[in-house]
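Raw structure_35.cif, mmCIF, C-alpha atoms:
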data_entry
loop_
_atom_site.label_atom_id
_atom_site.label_comp_id
_atom_site.auth_asym_id
_atom_site.auth_seq_id
_atom_site.Cartn_x
_atom_site.Cartn_y
_atom_site.Cartn_z
CA MET A 18 8.74 27.64 -3.12
CA LYS A 19 12.22 28.21 -4.45
CA ASP A 20 13.35 27.60 -8.03
CA GLU A 21 15.73 24.82 -7.12
CA TYR A 22 16.24 22.14 -4.45
CA ASP A 23 18.66 19.31 -3.79
CA VAL A 24 15.80 16.85 -3.39
CA LEU A 25 12.16 17.01 -4.39
CA VAL A 26 9.79 14.39 -2.95
CA VAL A 27 6.45 13.77 -4.66
CA GLY A 28 3.81 12.52 -2.21
CA ALA A 29 3.53 13.07 1.54
CA GLY A 30 2.53 9.59 2.69
CA PRO A 31 4.76 7.67 5.11
CA GLY A 32 7.39 6.89 2.43
CA GLY A 33 7.65 10.46 1.14
CA SER A 34 7.70 12.08 4.56
CA ILE A 35 10.45 9.78 5.86
CA ALA A 36 12.48 10.33 2.67
CA ALA A 37 12.12 14.12 3.03
CA LYS A 38 12.94 14.04 6.74
CA THR A 39 16.01 11.86 6.19
CA ALA A 40 17.32 14.02 3.35
CA ALA A 41 16.72 17.22 5.36
CA GLU A 42 18.51 15.75 8.38
CA HIS A 43 21.54 15.27 6.14
CA GLY A 44 21.53 18.99 5.50
CA LEU A 45 19.91 18.89 2.07
CA ASP A 46 17.52 21.46 0.70
CA VAL A 47 14.26 19.51 0.40
CA LEU A 48 10.78 20.16 -1.01
CA LEU A 49 7.98 17.70 -0.13
CA ILE A 50 4.79 18.13 -2.18
CA GLU A 51 1.35 16.63 -1.62
CA LYS A 52 -1.40 16.96 -4.21
CA ARG A 53 -4.21 16.68 -1.71
CA ALA A 54 -5.53 19.59 0.30
CA GLU A 55 -4.97 17.57 3.44
CA ILE A 56 -2.10 15.24 4.33
CA GLY A 57 -3.38 11.83 5.47
CA ASN A 58 -6.89 12.30 4.13
CA PRO A 59 -8.70 10.50 2.61
CA VAL A 60 -7.37 7.31 4.17
CA ARG A 61 -6.94 4.33 1.82
CA CYS A 62 -5.75 1.76 4.31
CA ALA A 63 -6.78 -0.77 6.98
CA GLU A 64 -4.27 0.91 9.32
CA GLY A 65 -2.66 -2.16 10.89
CA VAL A 66 1.07 -1.92 11.61
CA GLY A 67 3.71 -3.65 13.75
CA LYS A 68 4.71 -1.83 16.91
CA GLU A 69 8.37 -2.64 16.65
CA SER A 70 8.63 -1.97 12.96
CA ILE A 71 7.60 1.67 13.17
CA LYS A 72 9.76 2.47 16.22
CA PRO A 73 12.84 3.49 14.21
CA PHE A 74 10.83 6.14 12.36
CA ILE A 75 8.71 7.98 14.90
CA GLU A 76 8.26 8.13 18.65
CA SER A 77 4.98 6.50 19.70
CA ASP A 78 2.20 8.95 20.40
CA PRO A 79 -1.29 8.06 21.62
CA SER A 80 -2.77 10.64 19.26
CA TRP A 81 -2.21 8.39 16.25
CA ILE A 82 -2.73 5.01 17.90
CA SER A 83 -6.39 3.99 17.71
CA ALA A 84 -5.91 0.59 19.31
CA GLU A 85 -3.28 -1.86 20.45
CA VAL A 86 -3.78 -5.57 19.78
CA LYS A 87 -2.26 -8.77 21.19
CA GLY A 88 -2.13 -10.65 17.93
CA ALA A 89 -3.87 -11.79 14.80
CA ARG A 90 -6.34 -14.55 14.05
CA ILE A 91 -6.83 -16.03 10.63
CA TYR A 92 -10.17 -17.72 10.00
CA SER A 93 -10.38 -20.39 7.29
CA PRO A 94 -13.59 -20.68 5.24
CA ASP A 95 -15.13 -23.19 7.71
CA GLY A 96 -14.34 -20.90 10.66
CA THR A 97 -11.23 -22.66 11.97
CA ALA A 98 -9.08 -20.08 13.72
CA ILE A 99 -5.31 -19.90 13.65
CA GLU A 100 -4.05 -17.60 16.33
CA MET A 101 -0.73 -15.82 16.11
CA SER A 102 0.80 -13.75 18.84
CA GLU A 103 2.21 -10.39 17.93
CA ASP A 104 5.85 -11.45 17.70
CA ILE A 105 5.33 -13.73 14.71
CA ALA A 106 2.16 -12.41 13.13
CA GLY A 107 4.35 -9.98 11.32
CA PRO A 108 4.60 -6.32 10.65
CA GLU A 109 0.87 -5.76 10.21
CA VAL A 110 -0.03 -6.48 13.84
CA GLY A 111 0.40 -4.44 16.95
CA TYR A 112 -1.08 -1.02 16.47
CA VAL A 113 -4.13 0.04 14.54
CA LEU A 114 -3.32 3.57 13.49
CA GLU A 115 -5.25 6.75 12.95
CA ARG A 116 -3.63 7.45 9.59
CA LYS A 117 -5.07 10.94 9.30
CA ILE A 118 -3.02 11.97 12.33
CA PHE A 119 -0.08 9.59 11.79
CA ASP A 120 0.64 10.87 8.28
CA ARG A 121 0.54 14.47 9.48
CA ALA A 122 2.90 13.67 12.34
CA LEU A 123 5.36 12.19 9.84
CA ALA A 124 5.09 15.21 7.52
CA LEU A 125 5.60 17.49 10.51
CA GLN A 126 8.79 15.59 11.39
CA ALA A 127 10.03 16.28 7.86
CA ALA A 128 9.13 19.96 8.15
CA ARG A 129 10.84 20.29 11.53
CA ALA A 130 13.95 18.65 10.08
CA GLY A 131 14.02 21.50 7.58
CA ALA A 132 12.04 20.27 4.59
CA GLU A 133 9.60 22.65 2.94
CA VAL A 134 6.15 21.03 2.82
CA MET A 135 3.50 22.12 0.32
CA VAL A 136 -0.05 20.80 0.04
CA LYS A 137 -2.43 21.09 -2.91
CA THR A 138 0.68 20.86 -5.04
CA ARG A 139 0.94 18.13 -7.64
CA ALA A 140 3.50 17.01 -10.16
CA THR A 141 2.31 17.00 -13.77
CA GLY A 142 5.56 15.93 -15.44
CA LEU A 143 9.32 15.58 -15.11
CA ILE A 144 12.10 17.81 -16.37
CA ILE A 145 14.49 15.41 -18.11
CA GLU A 146 17.79 16.70 -19.54
CA ASN A 147 20.51 14.57 -21.13
CA GLY A 148 18.98 11.43 -19.67
CA PHE A 149 18.82 12.84 -16.12
CA VAL A 150 15.72 13.77 -14.14
CA ARG A 151 16.32 17.40 -13.15
CA GLY A 152 13.07 18.46 -11.51
CA ILE A 153 9.35 18.54 -12.10
CA ARG A 154 6.61 20.48 -13.74
CA GLY A 155 3.69 20.96 -11.42
CA GLU A 156 0.61 22.80 -10.41
CA HIS A 157 -0.05 24.58 -7.14
CA PHE A 158 -3.42 25.99 -6.27
CA GLY A 159 -4.32 26.33 -9.92
CA ASP A 160 -1.00 27.81 -11.06
CA ASP A 161 1.56 25.94 -13.15
CA PHE A 162 5.21 25.97 -12.09
CA THR A 163 8.53 24.28 -12.78
CA VAL A 164 11.04 23.52 -10.07
CA ARG A 165 14.48 22.05 -10.49
CA ALA A 166 16.00 19.40 -8.25
CA ASN A 167 19.12 17.25 -8.41
CA ILE A 168 17.13 14.26 -7.24
CA VAL A 169 13.41 13.49 -7.46
CA ILE A 170 11.98 10.85 -5.13
CA GLY A 171 8.68 9.40 -6.36
CA ALA A 172 6.52 8.50 -3.35
CA ASP A 173 3.28 8.95 -5.23
CA GLY A 174 1.57 5.75 -4.25
CA VAL A 175 -0.48 3.17 -6.11
CA GLU A 176 -1.39 5.76 -8.77
CA SER A 177 2.29 6.64 -9.31
CA LYS A 178 3.05 8.74 -12.37
CA VAL A 179 6.62 9.74 -11.59
CA GLY A 180 8.03 6.33 -12.51
CA ARG A 181 6.08 6.20 -15.77
CA TRP A 182 7.25 9.68 -16.76
CA ALA A 183 10.83 8.47 -16.27
CA GLY A 184 10.24 5.44 -18.49
CA ILE A 185 9.73 2.84 -15.76
CA ASN A 186 6.73 0.63 -16.42
CA THR A 187 4.76 0.60 -13.17
CA THR A 188 1.47 -0.64 -14.66
CA LEU A 189 -0.15 -3.23 -12.41
CA LYS A 190 -1.82 -6.28 -13.94
CA LEU A 191 -5.26 -7.13 -12.55
CA SER A 192 -3.67 -10.19 -10.89
CA ASP A 193 -1.25 -7.82 -9.14
CA ILE A 194 -3.66 -5.50 -7.36
CA GLU A 195 -6.11 -6.00 -4.51
CA THR A 196 -9.23 -3.90 -4.90
CA CYS A 197 -10.49 -2.96 -1.44
CA ALA A 198 -13.45 -1.41 0.33
CA GLU A 199 -13.79 -0.74 4.04
CA PHE A 200 -16.25 0.72 6.52
CA LEU A 201 -15.31 2.33 9.80
CA MET A 202 -18.06 0.86 11.98
CA ALA A 203 -19.23 1.78 15.46
CA ASP A 204 -21.06 -0.19 18.17
CA ILE A 205 -20.08 -3.62 16.94
CA ASP A 206 -19.53 -6.55 19.20
CA PHE A 207 -16.13 -8.22 18.67
CA ASP A 208 -12.88 -9.15 20.40
CA GLN A 209 -10.93 -5.90 20.58
CA ASP A 210 -7.64 -7.63 21.36
CA TYR A 211 -7.10 -9.07 17.89
CA CYS A 212 -6.86 -8.16 14.27
CA ASP A 213 -9.02 -10.76 12.53
CA PHE A 214 -8.51 -11.97 8.96
CA TYR A 215 -11.06 -14.09 7.06
CA VAL A 216 -10.00 -16.03 3.97
CA GLY A 217 -12.11 -17.92 1.45
CA ASN A 218 -13.24 -17.80 -2.14
CA GLU A 219 -16.80 -16.84 -1.19
CA ILE A 220 -15.80 -14.10 1.26
CA ALA A 221 -12.92 -12.52 -0.68
CA PRO A 222 -11.61 -14.28 -3.81
CA GLY A 223 -7.83 -13.94 -3.92
CA GLY A 224 -7.78 -11.69 -0.87
CA TYR A 225 -9.26 -11.52 2.60
CA ALA A 226 -11.79 -9.75 4.75
CA TRP A 227 -10.69 -8.07 7.96
CA ILE A 228 -11.91 -6.63 11.24
CA PHE A 229 -9.29 -4.38 12.88
CA PRO A 230 -10.24 -2.76 16.21
CA LYS A 231 -10.15 1.04 16.33
CA GLY A 232 -10.96 1.37 20.04
CA LYS A 233 -14.27 2.30 21.69
CA HIS A 234 -16.16 -0.57 20.01
CA GLU A 235 -15.25 0.78 16.62
CA ALA A 236 -13.48 -1.20 13.91
CA ASN A 237 -12.21 -1.06 10.37
CA VAL A 238 -14.23 -3.73 8.58
CA GLY A 239 -13.01 -4.35 5.06
CA VAL A 240 -12.61 -6.68 2.12
CA GLY A 241 -9.82 -6.91 -0.45
CA VAL A 242 -10.34 -8.92 -3.62
CA LEU A 243 -7.74 -9.78 -6.27
CA GLY A 244 -8.40 -7.65 -9.38
CA SER A 245 -8.27 -10.66 -11.70
CA ARG A 246 -10.97 -12.44 -9.68
CA VAL A 247 -13.54 -9.63 -9.81
CA GLY A 248 -16.49 -9.65 -12.15
CA SER A 249 -19.60 -7.55 -11.81
CA THR A 250 -19.48 -8.13 -8.04
CA LYS A 251 -17.16 -5.39 -6.79
CA ALA A 252 -15.19 -5.10 -3.53
CA ILE A 253 -17.96 -2.95 -2.09
CA HIS A 254 -20.51 -5.73 -2.72
CA PHE A 255 -18.29 -8.33 -1.06
CA LEU A 256 -17.96 -5.92 1.87
CA LYS A 257 -21.72 -5.45 2.23
CA LYS A 258 -22.18 -9.22 2.19
CA PHE A 259 -19.48 -9.67 4.84
CA VAL A 260 -20.98 -6.97 7.06
CA ASP A 261 -24.48 -8.49 6.76
CA LYS A 262 -23.07 -11.77 8.03
CA SER A 263 -20.57 -10.59 10.64
CA CYS A 264 -21.58 -7.25 12.12
CA SER A 265 -24.88 -6.07 10.68
CA ASP A 266 -25.76 -4.42 14.00
CA GLY A 267 -23.02 -1.79 13.62
CA HIS A 268 -23.24 1.75 12.32
CA ILE A 269 -21.19 2.87 9.33
CA LEU A 270 -19.29 6.11 10.00
CA GLU A 271 -16.96 6.19 7.02
CA ILE A 272 -16.34 4.43 3.74
CA ILE A 273 -12.80 3.91 2.54
CA VAL A 274 -11.65 2.47 -0.80
CA GLY A 275 -8.23 1.58 -2.10
CA GLY A 276 -6.06 -0.34 -4.51
CA VAL A 277 -3.12 -2.25 -3.06
CA PRO A 278 -0.22 -3.43 -5.25
CA VAL A 279 0.57 -7.13 -4.69
CA SER A 280 2.98 -7.55 -7.59
CA GLY A 281 6.17 -7.64 -5.60
CA PRO A 282 8.68 -4.80 -6.02
CA LEU A 283 9.46 -3.21 -9.39
CA GLU A 284 12.52 -4.63 -11.12
CA ARG A 285 13.86 -1.12 -11.63
CA THR A 286 13.35 1.50 -8.93
CA ILE A 287 15.89 4.10 -10.11
CA THR A 288 16.91 6.11 -13.14
CA ASN A 289 19.44 8.92 -13.38
CA GLY A 290 18.29 11.49 -10.80
CA LEU A 291 15.27 9.49 -9.64
CA MET A 292 14.29 6.95 -6.98
CA LEU A 293 10.88 5.36 -6.36
CA VAL A 294 9.81 4.38 -2.84
CA GLY A 295 6.88 2.67 -1.09
CA ASP A 296 3.69 1.82 -3.00
CA ALA A 297 5.02 3.71 -6.03
CA ALA A 298 7.77 1.07 -6.23
CA ARG A 299 5.22 -1.67 -5.36
CA MET A 300 6.93 -2.40 -2.02
CA THR A 301 3.71 -3.62 -0.36
CA ASP A 302 3.69 -7.13 1.06
CA PRO A 303 1.89 -9.32 -1.51
CA ILE A 304 0.22 -11.45 1.19
CA THR A 305 -0.85 -8.96 3.83
CA GLY A 306 -1.05 -5.87 1.62
CA GLY A 307 0.82 -3.99 4.34
CA GLY A 308 2.76 -1.09 2.88
CA ILE A 309 3.44 1.48 5.60
CA VAL A 310 6.61 -0.01 7.03
CA ASN A 311 8.21 -0.88 3.70
CA ALA A 312 7.42 2.64 2.50
CA MET A 313 9.24 4.10 5.49
CA ILE A 314 12.19 1.71 5.14
CA THR A 315 12.63 2.49 1.44
CA GLY A 316 11.99 6.21 2.05
CA GLN A 317 14.75 6.33 4.63
CA ILE A 318 17.24 4.50 2.42
CA ALA A 319 16.37 6.79 -0.50
CA GLY A 320 16.93 9.87 1.70
CA GLU A 321 20.34 8.60 2.79
CA VAL A 322 21.43 7.64 -0.72
CA ALA A 323 20.25 11.04 -1.99
CA ALA A 324 22.53 12.73 0.54
CA LYS A 325 25.48 10.62 -0.57
CA ALA A 326 24.83 11.23 -4.27
CA ILE A 327 24.54 14.96 -3.81
CA SER A 328 27.70 15.21 -1.72
CA LYS A 329 29.51 13.29 -4.48
CA GLY A 330 27.95 15.50 -7.14
CA ASP A 331 26.85 12.39 -9.03
CA THR A 332 23.17 11.44 -9.26
CA SER A 333 23.60 8.77 -11.94
CA THR A 334 22.27 5.25 -11.55
CA LYS A 335 25.82 4.20 -10.73
CA VAL A 336 25.56 6.00 -7.40
CA LEU A 337 21.82 5.56 -6.89
CA SER A 338 22.19 1.79 -7.34
CA GLU A 339 23.14 1.75 -3.66
CA TYR A 340 19.44 2.43 -3.02
CA GLU A 341 18.51 -0.78 -4.82
CA THR A 342 21.23 -2.82 -3.13
CA ARG A 343 20.14 -1.61 0.28
CA TRP A 344 16.38 -2.01 -0.05
CA LYS A 345 16.93 -5.46 -1.50
CA SER A 346 19.03 -6.54 1.44
CA ALA A 347 16.43 -5.07 3.82
CA ILE A 348 13.15 -6.44 2.44
CA GLU A 349 13.53 -8.35 -0.85
CA ASP A 350 13.68 -11.76 0.79
CA SER A 351 10.44 -11.31 2.73
CA LEU A 352 8.67 -9.75 -0.28
CA ASP A 353 9.77 -12.70 -2.46
CA LYS A 354 8.46 -15.23 0.04
CA SER A 355 5.15 -13.39 0.33
CA LEU A 356 4.84 -13.21 -3.44
CA HIS A 357 5.32 -16.96 -3.79
CA ALA A 358 2.88 -17.59 -0.94
CA LYS A 359 0.35 -15.29 -2.66
CA GLU A 360 0.68 -17.24 -5.93
CA VAL A 361 -0.09 -20.48 -4.08
CA LEU A 362 -2.73 -19.29 -1.63
CA THR A 363 -4.82 -17.19 -4.02
CA LYS A 364 -5.34 -20.30 -6.19
CA MET A 365 -6.36 -22.59 -3.34
CA PRO A 366 -9.94 -23.87 -3.23
CA ASP A 367 -11.74 -23.50 0.11
CA GLU A 368 -11.36 -27.22 0.97
CA GLN A 369 -7.60 -26.89 0.74
CA LEU A 370 -7.57 -23.72 2.85
CA ASN A 371 -9.63 -25.55 5.47
CA MET A 372 -7.30 -28.55 5.35
CA LEU A 373 -4.33 -26.26 5.85
CA ALA A 374 -5.97 -24.54 8.82
CA HIS A 375 -6.92 -27.88 10.44
CA SER A 376 -3.38 -29.18 10.08
CA ILE A 377 -1.84 -26.31 12.06
CA LYS A 378 -4.60 -25.11 14.38
CA ASP A 379 -3.14 -26.88 17.43
CA VAL A 380 0.38 -25.55 16.95
CA ASN A 381 1.56 -23.07 19.53
CA PHE A 382 2.53 -20.24 17.21
CA GLY A 383 3.85 -18.07 19.98
CA GLU A 384 7.03 -20.15 19.88
CA LEU A 385 7.49 -20.28 16.16
CA THR A 386 9.18 -18.05 13.68
CA ALA A 387 7.56 -17.39 10.32
CA THR A 388 9.95 -19.80 8.60
CA SER A 389 9.38 -22.61 11.06
CA LEU A 390 5.64 -21.98 10.71
CA LEU A 391 5.91 -22.66 6.99
CA THR A 392 8.12 -25.68 7.64
CA GLU A 393 5.43 -26.95 10.03
CA ILE A 394 2.75 -26.45 7.38
CA THR A 395 4.67 -28.44 4.81
CA ARG A 396 5.68 -31.15 7.32
CA ARG A 397 2.03 -31.70 8.09
CA ASN A 398 0.96 -31.40 4.44
CA PRO A 399 3.62 -33.24 2.42
CA LYS A 400 1.62 -32.87 -0.79
CA MET A 401 1.93 -29.13 -0.52
CA LEU A 402 5.68 -29.24 -0.25
CA TRP A 403 6.19 -28.73 -3.97
CA GLU A 404 3.91 -25.71 -4.15
CA LEU A 405 5.41 -24.10 -1.10
CA ARG A 406 9.04 -24.97 -1.83
CA HIS A 407 9.99 -21.36 -2.52
CA LEU A 408 8.97 -20.36 0.97
CA LEU A 409 11.42 -22.60 2.76
CA MET B 11 -15.27 6.40 -23.84
CA ILE B 12 -14.76 5.80 -20.13
CA VAL B 13 -17.28 7.57 -17.96
CA ILE B 14 -16.64 8.13 -14.26
CA ASN B 15 -19.55 8.44 -11.89
CA ARG B 16 -18.17 11.08 -9.54
CA HIS B 17 -20.92 10.38 -7.04
CA LYS B 18 -19.62 6.82 -6.67
CA CYS B 19 -15.85 7.39 -7.04
CA GLY B 20 -13.83 7.14 -3.81
CA HIS B 21 -10.74 8.58 -5.55
CA CYS B 22 -8.48 5.70 -4.50
CA GLY B 23 -6.32 5.63 -7.64
CA ALA B 24 -6.63 1.89 -8.34
CA CYS B 25 -7.77 2.68 -11.91
CA VAL B 26 -4.67 4.83 -12.44
CA GLY B 27 -2.37 2.04 -11.25
CA VAL B 28 -3.70 -0.52 -13.76
CA CYS B 29 -4.11 1.74 -16.82
CA PRO B 30 -1.74 0.38 -19.51
CA GLU B 31 -1.87 3.64 -21.49
CA ASN B 32 -1.22 6.05 -18.61
CA ALA B 33 -4.47 7.72 -19.65
CA ILE B 34 -6.00 8.18 -16.19
CA ASP B 35 -5.01 10.74 -13.59
CA LEU B 36 -6.15 11.09 -10.00
CA VAL B 37 -5.91 14.84 -9.79
CA ASP B 38 -7.03 15.80 -6.31
CA ALA B 39 -10.38 14.38 -5.33
CA TRP B 40 -11.36 13.55 -8.89
CA VAL B 41 -10.26 11.29 -11.73
CA GLU B 42 -9.57 12.46 -15.28
CA VAL B 43 -9.32 10.33 -18.42
CA SER B 44 -7.30 11.61 -21.38
CA ASP B 45 -7.75 10.87 -25.07
CA LYS B 46 -4.97 8.26 -24.82
CA CYS B 47 -7.67 5.90 -23.48
CA ILE B 48 -8.11 2.78 -25.64
CA GLU B 49 -11.26 1.58 -23.84
CA CYS B 50 -9.62 -1.67 -22.73
CA GLY B 51 -11.88 -1.74 -19.67
CA ILE B 52 -9.21 -2.81 -17.15
CA CYS B 53 -10.00 0.21 -14.96
CA VAL B 54 -13.69 -0.72 -15.00
CA LYS B 55 -12.79 -4.15 -13.62
CA VAL B 56 -10.51 -2.92 -10.84
CA CYS B 57 -12.73 -0.16 -9.43
CA PRO B 58 -13.77 -1.20 -5.88
CA VAL B 59 -17.12 0.56 -6.14
CA GLY B 60 -18.04 0.23 -9.83
CA ALA B 61 -17.70 3.96 -10.56
CA LEU B 62 -16.30 3.51 -14.07
CA GLU B 63 -18.01 2.26 -17.19
CA ILE B 64 -17.36 2.15 -20.89
CA GLN B 65 -20.02 4.13 -22.68
CA HIS B 66 -20.25 3.51 -26.40
CA GLU B 67 -20.97 6.54 -28.51
CA GLY B 68 -23.84 6.77 -30.95
#
Could I get this file's structure written as structure tokens?
Amino acid sequence: MKDEYDVLVVGAGPGGSIAAKTAAEHGLDVLLIEKRAEIGNPVRCAEGVGKESIKPFIESDPSWISAEVKGARIYSPDGTAIEMSEDIAGPEVGYVLERKIFDRALALQAARAGAEVMVKTRATGLIIENGFVRGIRGEHFGDDFTVRANIVIGADGVESKVGRWAGINTTLKLSDIETCAEFLMADIDFDQDYCDFYVGNEIAPGGYAWIFPKGKHEANVGVGVLGSRVGSTKAIHFLKKFVDKSCSDGHILEIIVGGVPVSGPLERTITNGLMLVGDAARMTDPITGGGIVNAMITGQIAGEVAAKAISKGDTSTKVLSEYETRWKSAIEDSLDKSLHAKEVLTKMPDEQLNMLAHSIKDVNFGELTATSLLTEITRRNPKMLWELRHLL
Amino acid sequence: MIVINRHKCGHCGACVGVCPENAIDLVDAWVEVSDKCIECGICVKVCPVGALEIQHEG
């Protein structure tokens, strides 16, 4: 570790690694730190991702693809299935990843582009001088250090501290976080060509349960519940109930837990000398909970804007505001729509969810875009038009 | 005070994300609570496995 870098990235998930790689490719001196002993582990994710959406960031490699699926099926509380082919099901369908290997491959890309990667290295605070973030205080393998950087990129996930240290309020309300539990299960009998989603207030209040194939008759079986809808029954209890009903014959090989922001993006994602990307900036899709792609998109933009700011010698918000302009034009519209859809759908009683599913179950979704799908829903359910008006 | 059952904790960081006082830290594979904690109990609610609880002294 040197005393000073152009860019310091906190967190080596997909957002941080792409930010570090991008900045290094622009010739910057980059340090990427990860607090864990192992990049990619433990996993906190259901691992579904769109094939096309990750193409710009990494060349496909069978080592991190657990399974490939044809589409997604959403089951309403009474079991009515809505089937969506891959092209419209959205960015969470296509591949089911092996995150432990995927995240390492991304960090390796960053390293090969010239970034210095350090594990078991965590940030414990920011160096702030004259209103500018100028580096971090940290701890590596038990030893404290300080390192200076012209730009810090906070890619430190749901538990982000970097933003808070810089004065950005990243606190999630209970109604803005999905609390999730998942088992990796073996020897279960299910259709390996689809990612299946199950909605309903009994199964997963304010969230959904899922079965995502992992290949070889294995699957990620999980439940996410909206924080504000949880009482003494926790995500893990909903998961056990779901497993008892759907795949009690399987064997549990791993337990995974996680918190997924569903607040929509932060209003402020920059300060002087600082940008927040991915989950740290709450870029996850509020409906699907998918965060990998948006983390990589925002990470890449942050890396590019960092290069520009450093070549100009100006890391003020005036220059970094290009980061906000660009991520907004890339993903704000879809995040907004998902957020409005979340507000409506998480309040729907089961009867209404069933009614919605019945009204569209015979539509051929392969030929529809997401927008025309929503138009179709409201055409067939005129009473819902008011609630769904923001989506159109 | 907030007590974390380390045998239950899956170190996911959900409790850190919701803490209004920035009193919780996911260090590596463990969670620490600082004296900034106001015992609001939001972290207890969000924990996916029920690893946190408020324990009243005395």
- prompt: Nearest to chain B: which of A:Leu25, A:Ala297, A:Ala226, A:Val150 is it, counting only C-alpha atoms?
  reply: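 Counting only C-alpha atoms, the residue closest to chain B is A:Ala297.
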field: Near-Val43 in chain B list (12 Å; only C-alpha atoms; drop same-chain fewer than 3 positions) as a ChimeraX atom specification
entry: /B:11-14,25-26,29,31-37,40,46-49,53,62-64
- prompt: Which residues come within 12 Å of range 356-369 of chain A, counting all atoms listed in the file, excluding same-chain residues fewer than 4 positions away, as a ChimeraX atom specification?
  reply: /A:92-97,192-195,215-225,241-246,278-282,299-306,349-352,373-376,391,398,400-409
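Counting from CA of Leu370 in chain A, the distance to CA of Glu100 in chain A is 15.2 Å.
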- request: Record the distance separating CA of Gly316 in chain A and CA of Tyr340 in chain A, expressed in Å with one decimal.
  value: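 CA of Gly316 in chain A sits 9.8 Å away from CA of Tyr340 in chain A.
Running the PyMOL selection byres ((chain A and resi 273) around 8) on this file leaves Pro59, Val60, Arg61, Cys62, Ala198, Glu199, Phe200, Leu201, Glu271, Ile272, Val274 and Gly275 of chain A; Gly20 of chain B selected.
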- request: Hey, list the chain B side of the contact with chain A: 7 Å cut-off, all atoms listed in the file, answer as a PyMOL selection string.
  value: chain B and resi 20+22-24+26-30+38+55-60
- request: Tell me, in Å to one decimal, how far CA of Gly142 in chain A is from CA of Val310 in chain A.
  value: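 CA of Gly142 in chain A sits 27.6 Å away from CA of Val310 in chain A.
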field: Pick from B:Ala39, B:Ala61, B:Val54, B:Cys19 nearest to Asn58 in chain A, counting only C-alpha atoms
entry: B:Ala39
Run through the PyMOL selection byres ((chain A and resi 124-135) around 10) on the given coordinates and return the selected residues as a PDB file with C-alpha atoms, keeping the file's coordinate frame.
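Result file follows (selection.pdb):
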ATOM      1  CA  MET A  18       8.740  27.640  -3.120  1.00  0.00           C
ATOM      2  CA  LYS A  19      12.220  28.210  -4.450  1.00  0.00           C
ATOM      3  CA  TYR A  22      16.240  22.140  -4.450  1.00  0.00           C
ATOM      4  CA  VAL A  24      15.800  16.850  -3.390  1.00  0.00           C
ATOM      5  CA  LEU A  25      12.160  17.010  -4.390  1.00  0.00           C
ATOM      6  CA  VAL A  26       9.790  14.390  -2.950  1.00  0.00           C
ATOM      7  CA  GLY A  28       3.810  12.520  -2.210  1.00  0.00           C
ATOM      8  CA  ALA A  29       3.530  13.070   1.540  1.00  0.00           C
ATOM      9  CA  GLY A  30       2.530   9.590   2.690  1.00  0.00           C
ATOM     10  CA  PRO A  31       4.760   7.670   5.110  1.00  0.00           C
ATOM     11  CA  GLY A  33       7.650  10.460   1.140  1.00  0.00           C
ATOM     12  CA  SER A  34       7.700  12.080   4.560  1.00  0.00           C
ATOM     13  CA  ILE A  35      10.450   9.780   5.860  1.00  0.00           C
ATOM     14  CA  ALA A  36      12.480  10.330   2.670  1.00  0.00           C
ATOM     15  CA  ALA A  37      12.120  14.120   3.030  1.00  0.00           C
ATOM     16  CA  LYS A  38      12.940  14.040   6.740  1.00  0.00           C
ATOM     17  CA  THR A  39      16.010  11.860   6.190  1.00  0.00           C
ATOM     18  CA  ALA A  40      17.320  14.020   3.350  1.00  0.00           C
ATOM     19  CA  ALA A  41      16.720  17.220   5.360  1.00  0.00           C
ATOM     20  CA  GLU A  42      18.510  15.750   8.380  1.00  0.00           C
ATOM     21  CA  HIS A  43      21.540  15.270   6.140  1.00  0.00           C
ATOM     22  CA  GLY A  44      21.530  18.990   5.500  1.00  0.00           C
ATOM     23  CA  LEU A  45      19.910  18.890   2.070  1.00  0.00           C
ATOM     24  CA  ASP A  46      17.520  21.460   0.700  1.00  0.00           C
ATOM     25  CA  VAL A  47      14.260  19.510   0.400  1.00  0.00           C
ATOM     26  CA  LEU A  48      10.780  20.160  -1.010  1.00  0.00           C
ATOM     27  CA  LEU A  49       7.980  17.700  -0.130  1.00  0.00           C
ATOM     28  CA  ILE A  50       4.790  18.130  -2.180  1.00  0.00           C
ATOM     29  CA  GLU A  51       1.350  16.630  -1.620  1.00  0.00           C
ATOM     30  CA  LYS A  52      -1.400  16.960  -4.210  1.00  0.00           C
ATOM     31  CA  ARG A  53      -4.210  16.680  -1.710  1.00  0.00           C
ATOM     32  CA  ALA A  54      -5.530  19.590   0.300  1.00  0.00           C
ATOM     33  CA  ILE A  56      -2.100  15.240   4.330  1.00  0.00           C
ATOM     34  CA  GLY A  57      -3.380  11.830   5.470  1.00  0.00           C
ATOM     35  CA  PHE A  74      10.830   6.140  12.360  1.00  0.00           C
ATOM     36  CA  ILE A  75       8.710   7.980  14.900  1.00  0.00           C
ATOM     37  CA  ILE A 118      -3.020  11.970  12.330  1.00  0.00           C
ATOM     38  CA  PHE A 119      -0.080   9.590  11.790  1.00  0.00           C
ATOM     39  CA  ASP A 120       0.640  10.870   8.280  1.00  0.00           C
ATOM     40  CA  ARG A 121       0.540  14.470   9.480  1.00  0.00           C
ATOM     41  CA  ALA A 122       2.900  13.670  12.340  1.00  0.00           C
ATOM     42  CA  LEU A 123       5.360  12.190   9.840  1.00  0.00           C
ATOM     43  CA  VAL A 136      -0.050  20.800   0.040  1.00  0.00           C
ATOM     44  CA  LYS A 137      -2.430  21.090  -2.910  1.00  0.00           C
ATOM     45  CA  THR A 138       0.680  20.860  -5.040  1.00  0.00           C
ATOM     46  CA  ARG A 139       0.940  18.130  -7.640  1.00  0.00           C
ATOM     47  CA  HIS A 157      -0.050  24.580  -7.140  1.00  0.00           C
TER      48      HIS A 157
END
